[in-house]
>>> print(open('work.cif').read())   # mmCIF, C-alpha atoms
data_entry
#
loop_
_atom_site.label_atom_id
_atom_site.label_comp_id
_atom_site.auth_asym_id
_atom_site.auth_seq_id
_atom_site.Cartn_x
_atom_site.Cartn_y
_atom_site.Cartn_z
CA MET M 45 23.80 -13.08 2.48
CA ASN M 46 25.80 -9.83 2.69
CA ALA M 47 26.08 -7.63 5.78
CA LYS M 48 23.70 -5.01 4.45
CA LYS M 49 21.02 -7.56 3.70
CA GLN M 50 21.38 -9.11 7.17
CA LYS M 51 20.15 -5.87 8.73
CA GLY M 52 16.79 -6.18 6.99
CA LEU M 53 13.86 -8.54 7.38
CA SER M 54 13.48 -11.73 5.37
CA VAL M 55 10.32 -13.86 5.29
CA GLN M 56 11.04 -17.23 3.72
CA ASN M 57 8.48 -19.71 2.37
CA ILE M 58 5.82 -19.00 5.00
CA ASN M 59 2.71 -21.20 5.04
CA LYS M 60 -0.20 -20.82 7.44
CA ARG M 61 -3.52 -22.64 7.56
CA PHE M 62 -6.54 -22.06 9.81
CA ALA M 63 -8.72 -25.20 9.69
CA ASP M 64 -9.50 -25.63 5.97
CA VAL M 65 -8.47 -22.06 5.00
CA GLU M 66 -5.03 -21.48 3.52
CA ALA M 67 -4.20 -18.03 4.95
CA LEU M 68 -0.66 -17.90 3.52
CA VAL M 69 0.79 -19.98 0.70
CA ASP M 70 4.59 -20.11 0.29
CA VAL M 71 5.05 -16.38 0.98
CA SER M 72 8.56 -14.98 0.70
CA LEU M 73 9.74 -11.36 0.76
CA ASP M 74 12.74 -9.25 1.72
CA VAL M 75 12.37 -5.85 3.36
CA ARG M 76 15.46 -3.66 3.29
CA GLU M 77 16.78 -1.79 6.30
CA GLY M 78 15.25 1.68 6.50
CA GLU M 79 12.54 0.90 3.94
CA PHE M 80 8.84 1.78 4.09
CA PHE M 81 7.27 -1.45 2.83
CA THR M 82 3.52 -1.99 2.38
CA LEU M 83 1.45 -5.16 2.26
CA LEU M 84 -1.57 -4.22 0.15
CA GLY M 85 -4.65 -6.29 -0.53
CA PRO M 86 -8.37 -6.80 0.13
CA SER M 87 -9.80 -8.16 3.37
CA GLY M 88 -8.97 -11.82 3.88
CA CYS M 89 -5.92 -11.85 1.59
CA GLY M 90 -3.51 -12.83 4.41
CA LYS M 91 -1.68 -9.54 4.94
CA THR M 92 -2.57 -9.18 8.65
CA THR M 93 -1.72 -12.84 9.29
CA LEU M 94 1.70 -12.25 7.76
CA LEU M 95 2.20 -9.16 9.91
CA ARG M 96 1.23 -11.10 13.05
CA ILE M 97 3.77 -13.81 12.17
CA VAL M 98 6.51 -11.17 11.83
CA ALA M 99 5.38 -9.68 15.18
CA GLY M 100 5.48 -13.08 16.89
CA LEU M 101 1.74 -13.11 17.60
CA GLU M 102 1.21 -16.13 15.30
CA LEU M 103 3.47 -19.04 14.44
CA PRO M 104 3.77 -20.20 10.82
CA ASP M 105 3.10 -23.83 9.97
CA THR M 106 6.28 -23.84 7.88
CA GLY M 107 8.87 -21.25 6.86
CA ARG M 108 11.20 -18.82 8.62
CA VAL M 109 11.38 -15.18 9.70
CA ILE M 110 14.90 -13.72 9.69
CA LEU M 111 15.65 -10.32 11.26
CA GLY M 112 19.16 -8.88 11.21
CA GLY M 113 20.53 -12.26 10.16
CA GLN M 114 18.90 -14.01 13.16
CA ASP M 115 16.16 -16.63 12.86
CA ILE M 116 13.37 -15.26 15.09
CA THR M 117 10.60 -17.63 13.93
CA ALA M 118 10.17 -19.25 17.35
CA LEU M 119 11.13 -16.19 19.40
CA PRO M 120 8.30 -14.80 21.62
CA ALA M 121 6.88 -11.42 20.64
CA THR M 122 8.35 -9.79 23.78
CA LYS M 123 11.87 -10.86 22.78
CA ARG M 124 11.75 -9.46 19.23
CA GLN M 125 13.11 -6.08 18.15
CA VAL M 126 9.69 -5.44 16.61
CA ASN M 127 6.84 -3.20 17.75
CA THR M 128 3.28 -2.99 16.42
CA VAL M 129 0.83 -0.11 16.10
CA PHE M 130 -2.66 -1.62 15.90
CA GLN M 131 -5.76 -0.32 14.12
CA SER M 132 -7.39 0.48 17.47
CA TYR M 133 -4.17 2.12 18.83
CA ALA M 134 -4.76 0.13 22.09
CA LEU M 135 -3.93 3.09 24.35
CA PHE M 136 -4.43 2.66 28.11
CA PRO M 137 -7.41 4.92 28.98
CA HIS M 138 -6.37 5.31 32.65
CA LEU M 139 -2.85 6.52 31.81
CA ASN M 140 -1.91 9.96 30.51
CA ILE M 141 0.11 10.39 27.31
CA PHE M 142 3.47 10.39 29.08
CA GLU M 143 2.73 7.15 30.94
CA ASN M 144 1.24 5.50 27.84
CA VAL M 145 4.47 6.16 25.97
CA ALA M 146 6.64 5.20 28.95
CA PHE M 147 4.82 1.91 29.61
CA GLY M 148 7.19 -0.38 27.69
CA LEU M 149 10.30 1.24 29.15
CA ARG M 150 8.96 0.92 32.69
CA ALA M 151 8.10 -2.74 32.06
CA ARG M 152 11.75 -3.28 31.09
CA ARG M 153 12.85 -1.45 34.27
CA TYR M 154 14.72 1.39 32.56
CA PRO M 155 16.10 4.06 34.94
CA GLN M 156 13.71 6.98 35.54
CA ASN M 157 16.03 9.58 33.99
CA GLU M 158 16.32 7.52 30.77
CA VAL M 159 12.54 6.96 30.67
CA LYS M 160 11.96 10.70 30.95
CA SER M 161 14.58 11.53 28.31
CA ARG M 162 13.36 8.98 25.78
CA VAL M 163 9.67 9.75 26.22
CA ASN M 164 10.14 13.52 25.98
CA ARG M 165 12.25 13.09 22.85
CA ARG M 166 9.54 11.05 21.11
CA LEU M 167 6.74 13.37 22.25
CA GLU M 168 8.63 16.34 20.82
CA MET M 169 9.33 14.53 17.55
CA LEU M 170 5.62 13.80 17.11
CA GLY M 171 4.38 17.24 18.15
CA LEU M 172 2.92 16.06 21.47
CA GLU M 173 5.28 17.87 23.83
CA GLU M 174 2.56 20.29 24.98
CA MET M 175 0.15 17.60 26.16
CA PRO M 176 1.94 14.91 28.24
CA GLU M 177 -0.67 15.16 31.03
CA ARG M 178 -3.70 14.65 28.80
CA PHE M 179 -5.56 11.35 28.64
CA PRO M 180 -6.52 9.44 25.45
CA HIS M 181 -10.19 10.49 25.59
CA GLN M 182 -9.07 14.14 25.43
CA LEU M 183 -7.27 13.62 22.11
CA SER M 184 -8.36 13.66 18.47
CA GLY M 185 -7.98 10.55 16.33
CA GLY M 186 -4.81 11.89 14.73
CA GLN M 187 -3.29 12.72 18.13
CA GLN M 188 -4.13 9.26 19.47
CA GLN M 189 -2.38 7.73 16.49
CA ARG M 190 0.73 9.80 17.18
CA VAL M 191 0.72 8.64 20.81
CA ALA M 192 0.54 5.02 19.61
CA LEU M 193 3.50 5.70 17.27
CA ALA M 194 5.49 7.34 20.07
CA ARG M 195 4.84 4.37 22.37
CA ALA M 196 6.07 1.95 19.69
CA LEU M 197 9.09 4.04 18.67
CA VAL M 198 10.31 4.80 22.20
CA ASN M 199 11.50 1.19 22.47
CA GLU M 200 13.72 1.74 19.39
CA PRO M 201 12.61 -1.38 17.48
CA ASP M 202 14.45 -2.59 14.38
CA VAL M 203 11.07 -2.89 12.62
CA LEU M 204 7.83 -0.99 13.21
CA LEU M 205 4.67 -2.80 12.11
CA LEU M 206 1.56 -0.77 11.29
CA ASP M 207 -1.75 -2.65 11.09
CA GLU M 208 -4.17 -0.34 9.20
CA PRO M 209 -3.46 2.49 11.67
CA MET M 210 -5.22 5.17 9.60
CA SER M 211 -8.47 3.38 8.77
CA ALA M 212 -10.42 5.02 11.62
CA LEU M 213 -9.52 8.57 10.53
CA ASP M 214 -11.70 10.72 8.30
CA ALA M 215 -10.57 11.27 4.70
CA ARG M 216 -8.98 14.71 5.22
CA LEU M 217 -7.08 13.70 8.36
CA ARG M 218 -6.06 10.38 6.82
CA ALA M 219 -4.43 12.17 3.87
CA GLN M 220 -2.59 14.51 6.26
CA VAL M 221 -1.38 11.69 8.53
CA GLN M 222 -0.15 9.65 5.55
CA VAL M 223 2.25 12.44 4.59
CA GLU M 224 3.30 12.95 8.23
CA LEU M 225 3.98 9.23 8.63
CA ARG M 226 6.10 9.16 5.48
CA ARG M 227 8.12 12.18 6.64
CA LEU M 228 8.61 10.61 10.08
CA GLN M 229 9.86 7.35 8.61
CA ARG M 230 12.37 9.17 6.40
CA LYS M 231 13.53 11.27 9.36
CA LEU M 232 14.06 8.21 11.56
CA GLY M 233 15.49 5.99 8.82
CA GLN M 234 13.75 3.01 10.45
CA THR M 235 12.09 0.05 8.78
CA PHE M 236 8.29 0.42 8.62
CA ILE M 237 5.94 -2.30 7.38
CA LEU M 238 2.36 -1.19 6.78
CA VAL M 239 -0.72 -3.34 6.22
CA THR M 240 -3.53 -1.61 4.33
CA HIS M 241 -6.35 -2.18 1.86
CA ASP M 242 -6.22 1.50 0.81
CA GLN M 243 -4.55 1.75 -2.60
CA ALA M 244 -4.04 5.53 -2.43
CA GLU M 245 -2.40 5.18 0.98
CA ALA M 246 0.02 2.54 -0.33
CA LEU M 247 1.02 4.76 -3.26
CA VAL M 248 1.69 7.76 -0.98
CA VAL M 249 3.82 6.19 1.75
CA SER M 250 5.66 3.22 0.23
CA ASP M 251 9.20 2.75 -1.04
CA ARG M 252 8.02 -0.66 -2.27
CA LEU M 253 4.84 -2.65 -1.90
CA ALA M 254 3.56 -6.19 -2.29
CA VAL M 255 0.06 -6.80 -3.63
CA MET M 256 -1.56 -9.85 -1.99
CA SER M 257 -4.52 -12.01 -2.93
CA GLU M 258 -5.79 -15.28 -1.45
CA GLY M 259 -2.71 -15.83 0.71
CA ARG M 260 -0.20 -15.19 -2.07
CA ILE M 261 1.96 -12.28 -3.14
CA ILE M 262 0.93 -11.41 -6.70
CA GLN M 263 3.40 -8.61 -7.47
CA PHE M 264 6.29 -6.69 -5.87
CA GLY M 265 7.70 -3.33 -6.85
CA THR M 266 7.81 0.40 -6.30
CA PRO M 267 4.41 2.12 -6.35
CA LYS M 268 5.18 3.48 -9.83
CA GLU M 269 6.24 0.06 -11.18
CA VAL M 270 3.18 -1.75 -9.84
CA TYR M 271 0.73 0.99 -10.84
CA GLU M 272 2.08 1.55 -14.36
CA GLN M 273 3.06 -2.04 -15.14
CA PRO M 274 0.54 -4.37 -13.47
CA LYS M 275 1.16 -8.02 -14.30
CA THR M 276 -2.35 -9.37 -13.82
CA ARG M 277 -5.98 -8.34 -14.12
CA PHE M 278 -6.27 -8.39 -10.30
CA VAL M 279 -3.39 -5.93 -9.78
CA ALA M 280 -4.59 -3.66 -12.60
CA GLU M 281 -8.09 -3.43 -11.12
CA PHE M 282 -7.15 -3.36 -7.43
CA LEU M 283 -4.45 -0.69 -7.63
CA GLY M 284 -6.43 2.18 -9.11
CA ALA M 285 -8.90 2.32 -12.01
CA ALA M 286 -8.11 0.42 -15.20
CA ASN M 287 -9.74 -0.22 -18.57
CA LEU M 288 -9.43 -3.90 -19.52
CA ILE M 289 -9.66 -4.70 -23.22
CA LYS M 290 -9.67 -8.27 -24.53
CA GLY M 291 -8.26 -9.04 -27.93
CA GLN M 292 -6.68 -11.49 -30.35
CA ARG M 293 -2.94 -11.27 -30.90
CA SER M 294 -2.08 -9.91 -34.32
CA ASN M 295 1.00 -8.54 -36.05
CA GLU M 296 2.42 -5.73 -33.83
CA GLY M 297 -0.73 -5.54 -31.72
CA ILE M 298 -4.16 -6.94 -30.95
CA ASP M 299 -7.53 -7.02 -32.69
CA THR M 300 -10.38 -6.07 -30.35
CA ASP M 301 -14.10 -5.38 -30.55
CA ILE M 302 -13.38 -1.63 -30.59
CA GLY M 303 -10.53 -1.67 -33.10
CA PHE M 304 -6.92 -2.67 -33.73
CA PHE M 305 -4.33 -1.45 -31.24
CA HIS M 306 -0.57 -1.28 -31.67
CA LEU M 307 1.44 -2.45 -28.64
CA THR M 308 5.05 -1.90 -27.56
CA GLY M 309 5.54 -5.67 -27.06
CA GLN M 310 4.13 -9.02 -28.13
CA PRO M 311 1.70 -10.90 -25.84
CA ALA M 312 2.62 -14.45 -24.85
CA TRP M 313 -1.03 -15.46 -25.31
CA GLU M 314 -3.14 -15.85 -28.44
CA ARG M 315 -6.16 -14.21 -26.84
CA GLY M 316 -6.12 -12.17 -23.64
CA PRO M 317 -6.39 -8.75 -21.97
CA VAL M 318 -4.47 -5.50 -22.03
CA ALA M 319 -4.99 -2.66 -19.54
CA ILE M 320 -4.81 1.10 -19.80
CA ARG M 321 -5.23 3.65 -17.01
CA PRO M 322 -7.97 6.28 -17.56
CA GLU M 323 -5.46 9.13 -17.38
CA ARG M 324 -3.34 7.58 -20.17
CA ILE M 325 -6.16 7.87 -22.72
CA ARG M 326 -5.95 11.14 -24.63
CA ILE M 327 -8.84 13.12 -26.06
CA ALA M 328 -7.90 14.28 -29.56
CA ALA M 329 -9.39 16.97 -31.80
CA ASN M 330 -8.63 14.92 -34.93
CA PRO M 331 -8.37 11.21 -35.74
CA PRO M 332 -5.10 9.90 -34.16
CA GLN M 333 -2.54 8.26 -36.45
CA LYS M 334 -2.50 5.15 -34.23
CA ASN M 335 -4.91 3.52 -31.80
CA GLY M 336 -7.79 5.93 -32.36
CA VAL M 337 -11.36 5.24 -31.26
CA ARG M 338 -14.38 7.32 -32.23
CA ALA M 339 -16.43 7.43 -29.04
CA ARG M 340 -19.51 9.02 -27.52
CA VAL M 341 -19.57 10.37 -23.96
CA ARG M 342 -22.10 8.39 -21.95
CA GLU M 343 -21.52 10.01 -18.56
CA ALA M 344 -19.36 12.84 -17.22
CA ILE M 345 -18.44 13.14 -13.51
CA TYR M 346 -16.92 16.39 -12.26
CA ARG M 347 -14.38 15.78 -9.47
CA GLY M 348 -12.97 19.27 -8.99
CA THR M 349 -9.38 18.60 -10.06
CA ASN M 350 -10.38 16.39 -12.98
CA LEU M 351 -13.25 15.06 -15.07
CA ASP M 352 -14.08 11.35 -15.38
CA LEU M 353 -15.79 10.33 -18.62
CA TRP M 354 -17.41 7.01 -19.43
CA CYS M 355 -17.42 6.56 -23.18
CA GLU M 356 -18.96 4.11 -25.61
CA PRO M 357 -17.84 1.81 -27.16
CA GLY M 358 -16.16 0.00 -24.32
CA PRO M 359 -17.21 1.39 -22.01
CA LEU M 360 -13.92 3.25 -21.67
CA ARG M 361 -13.19 5.37 -18.60
CA VAL M 362 -11.18 8.50 -19.41
CA ARG M 363 -9.69 10.93 -16.88
CA THR M 364 -8.97 14.41 -18.15
CA THR M 365 -8.63 17.96 -16.82
CA ALA M 366 -11.78 19.76 -15.75
CA GLN M 367 -11.13 22.71 -18.08
CA HIS M 368 -13.36 21.37 -20.86
CA ASN M 369 -16.98 20.61 -20.01
CA TYR M 370 -17.78 17.42 -21.93
CA GLU M 371 -21.49 16.60 -22.08
CA PRO M 372 -23.27 13.23 -22.38
CA GLY M 373 -23.89 12.47 -26.07
CA GLU M 374 -20.86 14.46 -27.24
CA GLU M 375 -18.63 12.65 -29.76
CA VAL M 376 -14.86 12.65 -29.26
CA TRP M 377 -11.75 11.00 -30.65
CA LEU M 378 -9.83 8.92 -28.11
CA GLU M 379 -6.18 7.92 -28.48
CA LEU M 380 -4.92 4.86 -26.59
CA PRO M 381 -1.12 5.27 -26.99
CA PRO M 382 0.86 2.01 -27.36
CA GLU M 383 3.07 2.89 -24.37
CA GLY M 384 -0.05 3.19 -22.18
CA LEU M 385 -1.38 -0.26 -23.08
CA VAL M 386 -0.03 -2.91 -20.68
CA ILE M 387 -0.08 -6.58 -21.64
CA LEU M 388 -1.43 -8.66 -18.75
CA ASP M 389 -0.36 -12.22 -17.94
CA GLU M 390 -3.96 -13.36 -17.69
#
>>> encode(input="work.cif", output="C-alpha cells")
Amino acid sequence: MNAKKQKGLSVQNINKRFADVEALVDVSLDVREGEFFTLLGPSGCGKTTLLRIVAGLELPDTGRVILGGQDITALPATKRQVNTVFQSYALFPHLNIFENVAFGLRARRYPQNEVKSRVNRRLEMLGLEEMPERFPHQLSGGQQQRVALARALVNEPDVLLLDEPMSALDARLRAQVQVELRRLQRKLGQTFILVTHDQAEALVVSDRLAVMSEGRIIQFGTPKEVYEQPKTRFVAEFLGAANLIKGQRSNEGIDTDIGFFHLTGQPAWERGPVAIRPERIRIAANPPQKNGVRARVREAIYRGTNLDLWCEPGPLRVRTTAQHNYEPGEEVWLELPPEGLVILDE
C-alpha cells in the first residue's frame, strides 16, 4: 500500500450480524484522502451500520477498518481521528453555540486561548460568527446543522462522518445546504463520508458513491458513472428514474415487445433487461432511422423546468423541455438512441 493510499480509509471484508439479520456481508471499500464519499441506499440496507463501525460505535463480527495505515478496528470511538454529525445534530440545549462547538476541546483540556482561536475560526468559516451567544432553540434547522458541523470540525478529524444530516430540512433549505456542504468540503480538503437515502443529494455532493442493498455494495463509481451506466435493475431504478425494457438477444441488439433496438454492445444473457433514462429518449418529428417507436401520450406532467410524459406502448417515461405542450392522446415518434440503452447484468 503506497503512502498516498495510507492516508485514506480502507474498510476490508466487514461482516456484521444482528440476531438472524445479516446487516453487512463482506463489505470492502477504499475512501481516498480528501474525498467526498457517499453511502447511498434504502432504509435497512446497512449503510448506517457501516458508518457506525467506522466511527467505532459498533464492532464488526469480522473484517478490519484501516485509517491512515493504522488498524483502528478495536480502537474506542474516543481514540479515533473520526467525528460524526448525526441526523438529530445532538446539540446541547443548555449550552450556547460557542460552548457547543468548544465542548470537545474542553473535554480534551486544550488551553483556553487555543479553544477560543479554534472555535472562532470554525464559526467564521460556517457563517456563525455573529451568533456565538445564541442557544440551539434560537436557531433555524440550517443554522443548527452548521453548528453541528463546526463542533465536529473543530477537533480536526481525519474523517468526518455525516449520518443523514439534511433529512430534517425542508426541500428548499436542503438543496441550499447540499451545495454549501460540498463547497465547505472542497475548501477544507478533508475526507467526508455521507450516509443518505436521497439520490439527488448523493449526485450533488459526491466525488464517488457506493450504492448499497441488503448489506452489500452493489456498485461503486462517480455519480455520472453510476447514473449513466447502472449495472443492475436495482441501481437503475434506485438512482433516478429509468425505463426497463426486457428483450431477447438478437444480432446487434434485442427484440422486444415494442420493437427491435440496436445496442452499442452485446448482452451476456439470452433474455434480459436494458435501461434508458427518460431524458435520453428523444421526441422526433419524423420516423427515426434507428430505434424508433410510434407512441401515444397517455399522461403529461408539467414540472416547470421540464415535462414528464408517460407514453404507450411501454409505458415509456420521457422527460423533455416544457416548451412544447404535449397533450394526452397525441401521437409522437420516440427515438431510443443505442448509446442511451444500457445493458443490465440482471
>>> residues_around(input="work.cif", residues="Glu245 in chain M", least_positions_apart="6", cutoff="9 Å", atoms="only C-alpha atoms", output="list in words")
Arg218, Ala219 and Gln222 of chain M
>>> resolve_selection(input="work.cif", expression="the PyMOL selection byres ((chain M and resi 307-321) around 6)", output="list in words")
Ala286, Asn287, Leu288, Ile289, Lys290, Gly291, Gln292, Arg293, Gly297, His306, Pro322, Glu323, Arg324, Pro382, Gly384, Leu385, Val386, Ile387 and Leu388 of chain M
>>> resolve_selection(input="work.cif", expression="the PyMOL selection byres ((chain M and resi 141) around 12)", output="ChimeraX atom specification")
/M:135-140,142-147,163-164,166-167,172-183,187-195
>>> closest_residue(input="work.cif", among="M:Gln131, M:Asn295, M:Thr365, M:Asn335", to="Val239 in chain M", atoms="only C-alpha atoms")
M:Gln131
>>> atom_distance(input="work.cif", atom1="CA of Gly259 in chain M", atom2="CA of Thr92 in chain M")
10.4 Å
>>> axis_aligned_box(input="work.cif", around="range 200-208 of chain M", padding_each_side="5 Å", output="lines of an AutoDock Vina configuration file")
center_x = 5.1
center_y = -0.6
center_z = 14.3
size_x = 28.6
size_y = 14.6
size_z = 20.2
>>> atom_distance(input="work.cif", atom1="CA of Thr276 in chain M", atom2="CA of Pro86 in chain M")
15.4 Å
>>> resolve_selection(input="work.cif", expression="the PyMOL selection byres ((chain M and resi 376-380) around 7)", output="list in words")
Ile325, Arg326, Ile327, Ala328, Ala329, Asn330, Pro331, Pro332, Asn335, Gly336, Val337, Arg338, Ala339, Arg340, Glu374, Glu375, Pro381, Pro382 and Gly384 of chain M
>>> atom_distance(input="work.cif", atom1="CA of Gly112 in chain M", atom2="CA of Val98 in chain M")
12.9 Å
>>> residues_around(input="work.cif", residues="Ile110 in chain M", least_positions_apart="5", cutoff="8 Å", atoms="all atoms listed in the file", output="ChimeraX atom specification")
/M:53-56,115-117
>>> write_last_selection(input="work.cif", atoms="C-alpha atoms", output="compact mmCIF listing (two decimals), in the coordinates of the input")
# COMPACT_ATOMS: atom_id res chain seq x y z
CA LEU M 53 13.86 -8.54 7.38
CA SER M 54 13.48 -11.73 5.37
CA VAL M 55 10.32 -13.86 5.29
CA GLN M 56 11.04 -17.23 3.72
CA ASP M 115 16.16 -16.63 12.86
CA ILE M 116 13.37 -15.26 15.09
CA THR M 117 10.60 -17.63 13.93
>>> residues_around(input="work.cif", residues="Pro209 in chain M", least_positions_apart="3", cutoff="8 Å", atoms="all atoms listed in the file", output="list in words")
Val129, Phe130, Gln131, Ser132, Tyr133, Gln189, Leu206 and Ala212 of chain M
>>> closest_residue(input="work.cif", among="M:Thr235, M:Arg76, M:Pro357, M:Asn199", to="Glu158 in chain M", atoms="only C-alpha atoms")
M:Asn199
>>> closest_residue(input="work.cif", among="M:Ser184, M:Asn59, M:Thr82, M:Gln367", to="Ile97 in chain M", atoms="all atoms listed in the file")
M:Asn59
>>> closest_residue(input="work.cif", among="M:Lys334, M:Lys60, M:Lys268, M:Arg227", to="Pro104 in chain M", atoms="all atoms listed in the file")
M:Lys60
>>> residues_around(input="work.cif", residues="Ile345 in chain M", least_positions_apart="3", cutoff="12 Å", atoms="all atoms listed in the file", output="PyMOL selection string")
chain M and resi 341-342+348-355+361-366+369-372
>>> closest_residue(input="work.cif", among="M:Ser257, M:Val71, M:Pro359, M:Ala285", to="Asp301 in chain M", atoms="all atoms listed in the file")
M:Pro359
>>> closest_residue(input="work.cif", among="M:Val109, M:Leu205, M:Met256, M:Ala121", to="Asp74 in chain M", atoms="all atoms listed in the file")
M:Val109
